[in-house]
Amino acid sequence: MSEKMGSEDASKKARDAGAGGSLGTTSKFVTAGLGGIFGWLVIHPFNTVAIRMNLSAASLQANGASASATQTSFLGFTRNVVQNEGIKALYNGLSAGVLRQVFYATSRFGLFEVFRDQMAKYRETDFISRLTVGVASGAAAAFISCPAEVSLVRMSNDNGLPAAQRRNYTSVMNAAVRITREEGVSAFWRGSSPFMMRAMLVGATQVGTYDQFRQTFAKFGLPREGFPNVFAASMSAGLLYSLITMPFETAKNRMSSQQRNPETGKLPYTGTLQTIKSVASSEGTLALWKGFTPYYGRCGGHTVTMFVFVEQLRALYLKFIA
């Protein structure tokens, strides 16, 4: 009798810990993925500009430009891209971005809830529990989605390269086939180490700051369950984790987009710390944060839009389907 009651209590704790108590595991994964996709459609231009700004210094300096020639503001850089290539250029790599969300958002958000609910059967869902599952789900999601991330970085930045260095992928499937044929399957996981480190840091910092910002803004008069509170807390948490994770984003972009030296056949970047050190020593420490404004717009904006879409999708599911 006591074992049965204990089992029921554990199940109740797991349900109470979940964001969607009566949602099944499949529904959690599906709504997480769809929310991630819809959110990405909104913020993809920020990601394109962030990647191109972040990689522009390496591209220009590789072609003999001075460091000062790479200093362009977010608005100025965006204006130049639109004027020279058209507004459609901001959506280069969109198919890869959507595919990335299919794997990354689905697995990161979905695994977080699954891991959290399983842990709730054995211990109280506290800060340490959320921190642990946030780090674990982030790392797993990054590794799973790394092939889509490599395709996204390359497709988004292709127009920023000299004509002779462009890969000219026509779609995410074309990118996948050509990368496999020309560089081997292992190329899909170039940059996986900084990508996973970044995802783990995002999981850790989001867990540690988002709820705290919700409470803080509630004290300032923004109702905790209202959209203004969610928006302010998301953008504040996004600012912190953007500052912390940007060097790893830079390392991931460099490693994902790099090409072999035509004379030696070697890759310039071989590991996360080596890449960060190389960029800092050759271009200055601040180069690790180049493109920060659109990167922050992407991180904070996607956090807000994704969670809004996820909550709305789950509400509609519970109302009309469940």
# chains A, B, ... in the order shown; residues from 1 in each chain; ligands from 1
>>> residues_around(residues="Thr78 of chain A", least_positions_apart="4", cutoff="8 Å", atoms="only C-alpha atoms", output="list in words")
Val49, Phe74 and Val82 of chain A
>>> write_last_selection(atoms="N, CA, C and O atoms", output="PDB file, in the first residue's frame")
ATOM      1  N   VAL A  49      22.583  38.251 -40.146  1.00  0.00           N
ATOM      2  CA  VAL A  49      23.465  39.396 -39.949  1.00  0.00           C
ATOM      3  C   VAL A  49      24.507  39.096 -38.876  1.00  0.00           C
ATOM      4  O   VAL A  49      25.687  39.470 -39.010  1.00  0.00           O
ATOM      5  N   PHE A  74      25.728  47.512 -36.638  1.00  0.00           N
ATOM      6  CA  PHE A  74      24.678  46.559 -37.004  1.00  0.00           C
ATOM      7  C   PHE A  74      23.771  47.125 -38.085  1.00  0.00           C
ATOM      8  O   PHE A  74      23.531  46.482 -39.120  1.00  0.00           O
ATOM      9  N   VAL A  82      21.331  44.698 -47.627  1.00  0.00           N
ATOM     10  CA  VAL A  82      20.058  44.875 -48.343  1.00  0.00           C
ATOM     11  C   VAL A  82      20.268  45.659 -49.635  1.00  0.00           C
ATOM     12  O   VAL A  82      19.703  45.304 -50.694  1.00  0.00           O
TER      13      VAL A  82
END
>>> select_by_dssp(residues="segment 80-264 of chain A", states="helix (DSSP H, G or I)", output="PyMOL selection string")
chain A and resi 80-85+87-91+94-119+127-160+163-165+172-183+185-189+192-219+227-257
>>> residues_around(residues="segment 260-263 of chain A", least_positions_apart="3", cutoff="12 Å", atoms="only C-alpha atoms", output="VMD selection string")
chain A and resid 62 165 182 to 183 187 255 to 257 266 to 270
>>> residues_around(residues="Ser242 of chain A", least_positions_apart="4", cutoff="8 Å", atoms="only C-alpha atoms", output="number ranges by chain")
A: 238, 246, 292, 295-296, 299
>>> residues_around(residues="segment 109-115 of chain A", least_positions_apart="3", cutoff="12 Å", atoms="only C-alpha atoms", output="number ranges by chain")
A: 14-21, 23-36, 101-106, 118-122, 125, 129-142, 144, 199-200, 203-204, 207, 303, 306-307, 310
>>> decode(residues="segment 260-302 of chain A", atoms="C-alpha atoms", output="tab-separated table (two decimals), in the first residue's frame")
chain	number	residue	atom	x	y	z
A	260	ARG	CA	41.41	23.92	-45.81
A	261	ASN	CA	44.59	25.79	-46.70
A	262	PRO	CA	45.11	25.06	-50.44
A	263	GLU	CA	48.87	24.66	-49.94
A	264	THR	CA	49.06	22.64	-46.71
A	265	GLY	CA	45.62	21.02	-46.75
A	266	LYS	CA	45.25	21.82	-43.06
A	267	LEU	CA	42.34	23.47	-41.29
A	268	PRO	CA	43.16	26.73	-39.47
A	269	TYR	CA	41.00	25.93	-36.43
A	270	THR	CA	41.32	22.63	-34.58
A	271	GLY	CA	39.57	23.13	-31.24
A	272	THR	CA	37.44	25.50	-29.20
A	273	LEU	CA	40.14	27.08	-27.04
A	274	GLN	CA	42.63	27.16	-29.93
A	275	THR	CA	40.07	29.00	-32.08
A	276	ILE	CA	39.23	31.53	-29.37
A	277	LYS	CA	42.93	32.16	-28.69
A	278	SER	CA	43.73	32.46	-32.42
A	279	VAL	CA	40.92	34.97	-33.07
A	280	ALA	CA	41.79	37.05	-30.01
A	281	SER	CA	45.52	37.18	-30.83
A	282	SER	CA	45.16	37.93	-34.55
A	283	GLU	CA	42.10	40.23	-34.51
A	284	GLY	CA	41.84	41.47	-30.94
A	285	THR	CA	39.78	40.22	-28.01
A	286	LEU	CA	36.71	42.24	-29.02
A	287	ALA	CA	36.55	40.27	-32.29
A	288	LEU	CA	35.07	37.45	-30.22
A	289	TRP	CA	31.99	39.64	-29.71
A	290	LYS	CA	31.75	40.98	-33.28
A	291	GLY	CA	28.11	40.89	-34.38
A	292	PHE	CA	26.89	40.96	-30.77
A	293	THR	CA	23.87	43.25	-31.38
A	294	PRO	CA	22.13	40.97	-33.91
A	295	TYR	CA	23.25	37.91	-31.91
A	296	TYR	CA	21.51	39.34	-28.85
A	297	GLY	CA	18.47	40.15	-30.99
A	298	ARG	CA	18.43	36.55	-32.14
A	299	CYS	CA	18.89	35.03	-28.66
A	300	GLY	CA	16.47	37.28	-26.78
A	301	GLY	CA	13.99	37.46	-29.64
A	302	HIS	CA	13.89	33.72	-30.17
